[in-house]
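To be precise, the following lines are entry27.csv, and they hold CSV, N, CA and C atoms.
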chain,number,residue,atom,x,y,z
X,29,MET,N,111.1,50.9,81.1
X,29,MET,CA,110.6,50.1,79.9
X,29,MET,C,109.4,49.3,80.3
X,30,ASN,N,109.3,48.8,81.5
X,30,ASN,CA,108.1,48.1,81.9
X,30,ASN,C,106.9,49.0,82.0
X,31,ILE,N,107.1,50.2,82.3
X,31,ILE,CA,106.0,51.1,82.4
X,31,ILE,C,105.4,51.4,81.0
X,32,LEU,N,106.3,51.6,80.0
X,32,LEU,CA,105.9,51.8,78.7
X,32,LEU,C,105.2,50.6,78.1
X,33,ALA,N,105.7,49.4,78.4
X,33,ALA,CA,105.0,48.2,78.0
X,33,ALA,C,103.6,48.0,78.6
X,34,MET,N,103.5,48.5,79.9
X,34,MET,CA,102.2,48.4,80.6
X,34,MET,C,101.2,49.3,80.0
X,35,LEU,N,101.7,50.5,79.6
X,35,LEU,CA,100.8,51.5,79.0
X,35,LEU,C,100.3,51.1,77.6
X,36,LEU,N,101.1,50.3,76.9
X,36,LEU,CA,100.8,49.9,75.5
X,36,LEU,C,99.8,48.7,75.5
X,37,GLN,N,99.6,48.1,76.6
X,37,GLN,CA,98.7,47.0,76.6
X,37,GLN,C,97.2,47.4,76.5
X,38,ASN,N,96.4,46.6,76.0
X,38,ASN,CA,95.0,46.9,76.0
X,38,ASN,C,94.3,46.9,77.3
X,39,THR,N,94.7,46.0,78.2
X,39,THR,CA,94.1,45.9,79.5
X,39,THR,C,95.3,45.9,80.5
X,40,PRO,N,95.7,47.1,80.9
X,40,PRO,CA,96.9,47.2,81.8
X,40,PRO,C,96.5,46.7,83.2
X,41,ASP,N,97.6,46.2,83.8
X,41,ASP,CA,97.5,45.6,85.2
X,41,ASP,C,97.3,46.8,86.2
X,42,THR,N,96.3,46.8,87.0
X,42,THR,CA,96.0,47.9,87.9
X,42,THR,C,97.1,47.9,89.0
X,43,THR,N,97.5,46.8,89.5
X,43,THR,CA,98.6,46.8,90.5
X,43,THR,C,99.9,47.4,90.0
X,44,ALA,N,100.2,47.1,88.8
X,44,ALA,CA,101.4,47.7,88.2
X,44,ALA,C,101.3,49.2,88.0
X,45,ALA,N,100.1,49.6,87.6
X,45,ALA,CA,99.9,51.1,87.5
X,45,ALA,C,100.0,51.8,88.9
X,46,GLN,N,99.4,51.1,89.9
X,46,GLN,CA,99.5,51.7,91.2
X,46,GLN,C,100.9,51.8,91.7
X,47,HIS,N,101.7,50.7,91.4
X,47,HIS,CA,103.2,50.8,91.8
X,47,HIS,C,103.9,51.9,91.1
X,48,ALA,N,103.6,52.1,89.8
X,48,ALA,CA,104.2,53.1,89.0
X,48,ALA,C,103.9,54.5,89.6
X,49,ILE,N,102.7,54.7,89.9
X,49,ILE,CA,102.3,56.0,90.5
X,49,ILE,C,102.9,56.2,91.9
X,50,LEU,N,103.0,55.2,92.7
X,50,LEU,CA,103.6,55.3,94.0
X,50,LEU,C,105.1,55.6,93.9
X,51,MET,N,105.7,55.1,92.8
X,51,MET,CA,107.2,55.4,92.6
X,51,MET,C,107.4,56.8,92.1
X,52,MET,N,106.4,57.4,91.5
X,52,MET,CA,106.5,58.8,91.0
X,52,MET,C,106.2,59.9,92.1
X,53,ILE,N,105.5,59.5,93.1
X,53,ILE,CA,105.1,60.5,94.1
X,53,ILE,C,106.3,61.1,94.8
X,54,PRO,N,107.3,60.4,95.3
X,54,PRO,CA,108.4,61.1,95.9
X,54,PRO,C,109.1,62.0,94.9
X,55,PHE,N,109.3,61.6,93.7
X,55,PHE,CA,109.9,62.5,92.7
X,55,PHE,C,109.1,63.8,92.5
X,56,LEU,N,107.8,63.7,92.3
X,56,LEU,CA,107.0,64.8,92.2
X,56,LEU,C,107.0,65.8,93.4
X,57,PHE,N,107.1,65.2,94.6
X,57,PHE,CA,107.2,66.0,95.8
X,57,PHE,C,108.5,66.8,95.8
X,58,ILE,N,109.6,66.2,95.4
X,58,ILE,CA,110.9,66.9,95.4
X,58,ILE,C,110.9,68.0,94.4
X,59,VAL,N,110.3,67.7,93.2
X,59,VAL,CA,110.2,68.7,92.1
X,59,VAL,C,109.4,69.9,92.6
X,60,GLY,N,108.3,69.6,93.3
X,60,GLY,CA,107.4,70.6,93.8
X,60,GLY,C,108.1,71.5,94.8
X,61,ILE,N,108.9,70.9,95.7
X,61,ILE,CA,109.7,71.7,96.7
X,61,ILE,C,110.7,72.6,96.0
X,62,ILE,N,111.3,72.1,95.0
X,62,ILE,CA,112.3,72.9,94.3
X,62,ILE,C,111.6,74.0,93.5
X,63,CYS,N,110.5,73.8,92.9
X,63,CYS,CA,109.8,74.8,92.2
X,63,CYS,C,109.3,75.9,93.2
X,64,LEU,N,108.8,75.5,94.4
X,64,LEU,CA,108.4,76.5,95.4
X,64,LEU,C,109.6,77.4,95.8
X,65,ALA,N,110.8,76.7,96.0
X,65,ALA,CA,112.0,77.5,96.4
X,65,ALA,C,112.4,78.5,95.3
X,66,VAL,N,112.3,78.1,94.1
X,66,VAL,CA,112.7,79.0,93.0
X,66,VAL,C,111.7,80.2,92.9
X,67,ILE,N,110.5,80.0,93.3
X,67,ILE,CA,109.5,81.1,93.3
X,67,ILE,C,109.6,82.0,94.6
X,68,LEU,N,109.7,81.3,95.7
X,68,LEU,CA,109.6,82.0,97.0
X,68,LEU,C,110.8,82.8,97.4
X,69,ILE,N,112.0,82.3,97.1
X,69,ILE,CA,113.2,82.9,97.6
X,69,ILE,C,113.4,84.3,96.9
X,70,PRO,N,113.2,84.5,95.6
X,70,PRO,CA,113.4,85.8,95.1
X,70,PRO,C,112.3,86.8,95.6
X,71,PHE,N,111.1,86.3,95.7
X,71,PHE,CA,110.0,87.2,96.2
X,71,PHE,C,110.3,87.6,97.6
X,72,TRP,N,110.9,86.7,98.4
X,72,TRP,CA,111.2,87.0,99.8
X,72,TRP,C,112.2,88.2,99.9
X,73,PHE,N,113.2,88.2,99.0
X,73,PHE,CA,114.2,89.3,99.0
X,73,PHE,C,113.6,90.5,98.4
X,74,ILE,N,112.7,90.4,97.4
X,74,ILE,CA,112.1,91.6,96.8
X,74,ILE,C,111.2,92.3,97.9
X,75,CYS,N,110.4,91.5,98.6
X,75,CYS,CA,109.6,92.1,99.7
X,75,CYS,C,110.4,92.8,100.7
X,76,LYS,N,111.5,92.1,101.1
X,76,LYS,CA,112.4,92.7,102.2
X,76,LYS,C,113.0,94.0,101.7
X,77,LYS,N,113.5,94.1,100.5
X,77,LYS,CA,114.1,95.3,100.0
X,77,LYS,C,113.1,96.4,99.7
X,78,ALA,N,111.9,96.0,99.5
X,78,ALA,CA,110.8,97.0,99.2
X,78,ALA,C,110.3,97.6,100.5
X,79,GLY,N,110.7,97.0,101.7
X,79,GLY,CA,110.2,97.5,103.0
X,79,GLY,C,108.9,96.8,103.4
X,80,PHE,N,108.5,95.8,102.7
X,80,PHE,CA,107.3,95.0,103.1
X,80,PHE,C,107.7,93.8,104.0
X,81,SER,N,106.8,93.2,104.6
X,81,SER,CA,107.0,92.0,105.4
X,81,SER,C,107.4,90.9,104.4
X,82,PRO,N,108.5,90.2,104.6
X,82,PRO,CA,108.8,89.1,103.7
X,82,PRO,C,107.8,88.0,103.7
X,83,TRP,N,107.0,87.9,104.8
X,83,TRP,CA,106.0,86.9,104.9
X,83,TRP,C,104.9,87.0,103.8
X,84,LEU,N,104.8,88.2,103.2
X,84,LEU,CA,103.9,88.3,102.1
X,84,LEU,C,104.2,87.4,100.9
X,85,THR,N,105.4,86.9,100.9
X,85,THR,CA,105.8,85.9,99.9
X,85,THR,C,104.9,84.7,99.9
X,86,LEU,N,104.4,84.3,101.1
X,86,LEU,CA,103.5,83.1,101.2
X,86,LEU,C,102.2,83.3,100.4
X,87,LEU,N,101.9,84.5,99.9
X,87,LEU,CA,100.8,84.6,99.0
X,87,LEU,C,101.0,83.8,97.7
X,88,ASN,N,102.2,83.6,97.3
X,88,ASN,CA,102.5,82.8,96.1
X,88,ASN,C,102.0,81.4,96.2
X,89,ILE,N,101.8,80.9,97.4
X,89,ILE,CA,101.3,79.5,97.5
X,89,ILE,C,99.8,79.4,97.2
X,90,ILE,N,99.1,80.5,97.5
X,90,ILE,CA,97.6,80.5,97.2
X,90,ILE,C,97.4,80.7,95.8
X,91,PRO,N,96.4,80.0,95.1
X,91,PRO,CA,96.1,80.3,93.7
X,91,PRO,C,95.7,81.8,93.6
X,92,LEU,N,96.3,82.4,92.6
X,92,LEU,CA,96.1,83.8,92.2
X,92,LEU,C,96.7,84.8,93.3
X,93,GLY,N,97.3,84.2,94.3
X,93,GLY,CA,97.9,85.1,95.3
X,93,GLY,C,99.2,85.8,94.8
X,94,ASN,N,99.9,85.1,93.9
X,94,ASN,CA,101.0,85.7,93.3
X,94,ASN,C,100.7,86.9,92.4
X,95,LEU,N,99.5,86.9,91.8
X,95,LEU,CA,99.0,88.1,91.1
X,95,LEU,C,98.8,89.2,92.0
X,96,VAL,N,98.2,88.9,93.2
X,96,VAL,CA,97.9,90.0,94.2
X,96,VAL,C,99.2,90.6,94.6
X,97,LEU,N,100.2,89.7,94.9
X,97,LEU,CA,101.5,90.2,95.4
X,97,LEU,C,102.2,91.1,94.3
X,98,ILE,N,102.1,90.7,93.1
X,98,ILE,CA,102.8,91.5,92.0
X,98,ILE,C,102.1,92.8,92.0
X,99,TYR,N,100.8,92.9,92.1
X,99,TYR,CA,100.1,94.2,92.0
X,99,TYR,C,100.5,95.0,93.3
X,100,VAL,N,100.6,94.4,94.4
X,100,VAL,CA,100.9,95.2,95.6
X,100,VAL,C,102.3,95.7,95.5
X,101,LEU,N,103.3,95.0,95.0
X,101,LEU,CA,104.6,95.4,94.8
X,101,LEU,C,104.7,96.5,93.7
X,102,ALA,N,103.9,96.4,92.7
X,102,ALA,CA,104.0,97.4,91.6
X,102,ALA,C,103.4,98.7,91.9
X,103,PHE,N,102.3,98.7,92.7
X,103,PHE,CA,101.5,100.0,92.9
X,103,PHE,C,101.6,100.6,94.3
X,104,ALA,N,102.2,99.9,95.2
X,104,ALA,CA,102.4,100.4,96.6
X,104,ALA,C,103.6,101.3,96.6
X,105,GLU,N,103.6,102.2,97.6
X,105,GLU,CA,104.8,103.1,97.8
X,105,GLU,C,105.8,102.3,98.7
X,106,TRP,N,107.0,102.2,98.1
X,106,TRP,CA,108.0,101.4,98.8
X,106,TRP,C,108.6,102.2,99.9
X,107,LYS,N,108.9,101.6,101.0
X,107,LYS,CA,109.5,102.2,102.2
X,107,LYS,C,111.0,102.2,102.2
X,108,VAL,N,111.6,102.7,101.1
X,108,VAL,CA,113.0,102.8,101.0
X,108,VAL,C,113.4,104.3,101.1
X,109,VAL,N,114.6,104.6,101.4
X,109,VAL,CA,115.1,105.9,101.5
X,109,VAL,C,115.4,106.5,100.1
X,110,PRO,N,114.7,107.6,99.7
X,110,PRO,CA,115.0,108.1,98.3
X,110,PRO,C,116.5,108.6,98.2
X,111,ALA,N,117.0,108.7,97.0
X,111,ALA,CA,118.4,109.0,96.8
X,111,ALA,C,118.6,110.4,97.3
X,112,ALA,N,117.7,111.3,97.3
X,112,ALA,CA,117.9,112.7,97.7
X,112,ALA,C,118.1,112.8,99.2
X,113,GLN,N,117.6,111.9,100.0
X,113,GLN,CA,117.8,111.9,101.4
X,113,GLN,C,119.1,111.2,101.9
X,114,LEU,N,119.8,110.6,101.0
X,114,LEU,CA,121.0,109.9,101.4
X,114,LEU,C,122.1,110.9,101.8
X,115,VAL,N,123.0,110.5,102.7
X,115,VAL,CA,124.1,111.4,103.1
X,115,VAL,C,125.1,111.4,102.0
X,116,PRO,N,125.5,112.6,101.5
X,116,PRO,CA,126.5,112.7,100.4
X,116,PRO,C,127.9,112.1,100.8
X,117,TYR,N,128.7,111.8,99.9
X,117,TYR,CA,130.0,111.2,100.1
X,117,TYR,C,130.8,112.3,100.8
X,118,PRO,N,131.4,112.0,102.0
X,118,PRO,CA,132.1,113.0,102.8
X,118,PRO,C,133.4,113.5,102.2
X,119,GLY,N,134.1,112.7,101.5
X,119,GLY,CA,135.4,113.1,101.0
X,119,GLY,C,135.4,113.9,99.8
X,120,GLY,N,134.3,114.3,99.3
X,120,GLY,CA,134.2,115.1,98.1
X,120,GLY,C,134.4,114.2,96.9
X,121,TYR,N,134.6,114.8,95.7
X,121,TYR,CA,134.7,114.1,94.5
X,121,TYR,C,136.2,113.7,94.3
X,122,PRO,N,136.4,112.5,93.7
X,122,PRO,CA,137.8,112.1,93.5
X,122,PRO,C,138.5,113.0,92.4
X,123,PRO,N,139.8,113.1,92.4
X,123,PRO,CA,140.4,113.9,91.4
X,123,PRO,C,140.2,113.5,90.0
X,124,ILE,N,140.2,114.4,89.1
X,124,ILE,CA,140.0,114.1,87.7
X,124,ILE,C,141.2,113.3,87.1
X,125,PRO,N,141.0,112.2,86.5
X,125,PRO,CA,142.2,111.5,85.9
X,125,PRO,C,142.8,112.3,84.8
X,126,PRO,N,144.1,112.0,84.6
X,126,PRO,CA,144.8,112.8,83.6
X,126,PRO,C,144.3,112.4,82.2
X,127,GLN,N,144.5,113.3,81.2
X,127,GLN,CA,144.0,113.1,79.9
X,127,GLN,C,145.1,112.3,79.1
X,128,TYR,N,144.6,111.4,78.3
X,128,TYR,CA,145.5,110.6,77.5
X,128,TYR,C,145.3,110.9,76.0
X,129,PRO,N,146.3,110.9,75.2
X,129,PRO,CA,147.7,110.9,75.6
X,129,PRO,C,148.1,112.2,76.2
X,130,PRO,N,149.1,112.2,77.1
X,130,PRO,CA,149.4,113.4,77.8
X,130,PRO,C,150.0,114.5,76.9
X,131,VAL,N,149.6,115.7,77.1
X,131,VAL,CA,150.0,116.8,76.3
X,131,VAL,C,151.3,117.3,76.9
X,132,PRO,N,152.4,117.5,76.1
X,132,PRO,CA,153.6,118.0,76.6
X,132,PRO,C,153.4,119.5,77.0
X,133,PRO,N,154.1,119.9,78.1
X,133,PRO,CA,153.9,121.3,78.6
X,133,PRO,C,154.4,122.3,77.5
X,134,VAL,N,153.8,123.4,77.4
X,134,VAL,CA,154.1,124.4,76.4
X,134,VAL,C,155.1,125.4,77.1
X,135,ALA,N,156.3,125.6,76.5
X,135,ALA,CA,157.3,126.4,77.1
X,135,ALA,C,157.4,127.8,76.5

Written as structure tokens, how would this file's structure read?
Amino acid sequence: MNILAMLLQNTPDTTAAQHAILMMIPFLFIVGIICLAVILIPFWFICKKAGFSPWLTLLNIIPLGNLVLIYVLAFAEWKVVPAAQLVPYPGGYPPIPPQYPPVPPVA
């Protein structure tokens, strides 16, 4: 409430404004760290799953670096094993489940 009253004055007290700004700096620092984590953690896992170095995620910190990273992920060839090269299921296919409602045997 004191900050609002200070802002509504015609000639605000400069020391009060400095104290208000100094009180907001730790809060803004914590919010910035949380925002970075929200952006960096998903990109870290995406880069790792795509076969790229997860350290490419740090491009998000640089201005317009996130745009470069998105284009690299979109147009580069991912180093993952295609589905055709995977080893097939060794046990064969599971049995077909019975049809419902069951049909009585014809005699």

(request) Provide the CA of Ala33 in chain X to atom C of Ala45 in chain X distance in Å, to one decimal place. (result) 12.5 Å

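Going from CA of Leu95 in chain X over to CA of Gly60 in chain X, you cover 19.6 Å.
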
(request) Would you mind telling me which residue in X:Pro132, X:Leu36, X:Leu50, X:Cys63 lies nearest to Ile89 in chain X when using only C-alpha atoms? (result)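 Between X:Pro132, X:Leu36, X:Leu50, X:Cys63, the residue approaching Ile89 in chain X most closely is X:Cys63.
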
(request) For atom C of Leu87 in chain X and CA of Phe103 in chain X, quote the distance in Å rounded to one decimal. (result)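 Between atom C of Leu87 in chain X and CA of Phe103 in chain X the gap works out to 16.9 Å.
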
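Around the point (109.5, 86.8, 97.2), within 8 Å and counting all atoms listed in the file, we find these residues: Ile67, Leu68, Ile69, Pro70, Phe71, Trp72, Phe73, Ile74, Cys75, Lys76, Pro82, Leu84, Thr85, Leu86 and Asn88 of chain X.
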
(request) Apply DSSP to the structure's backbone, then extract all residues of range 40-131 of chain X labelled helix (DSSP H, G or I) and return them as number ranges by chain. (result) X: 42-78, 82-89, 93-103, 111-113

(request) Go through X:Ala78, X:Ile53, X:Leu92, X:Leu32 and flag the residue nearest Val108 in chain X, using only C-alpha atoms for the distances. (result)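 Result for the nearest residue to Val108 in chain X: X:Ala78.
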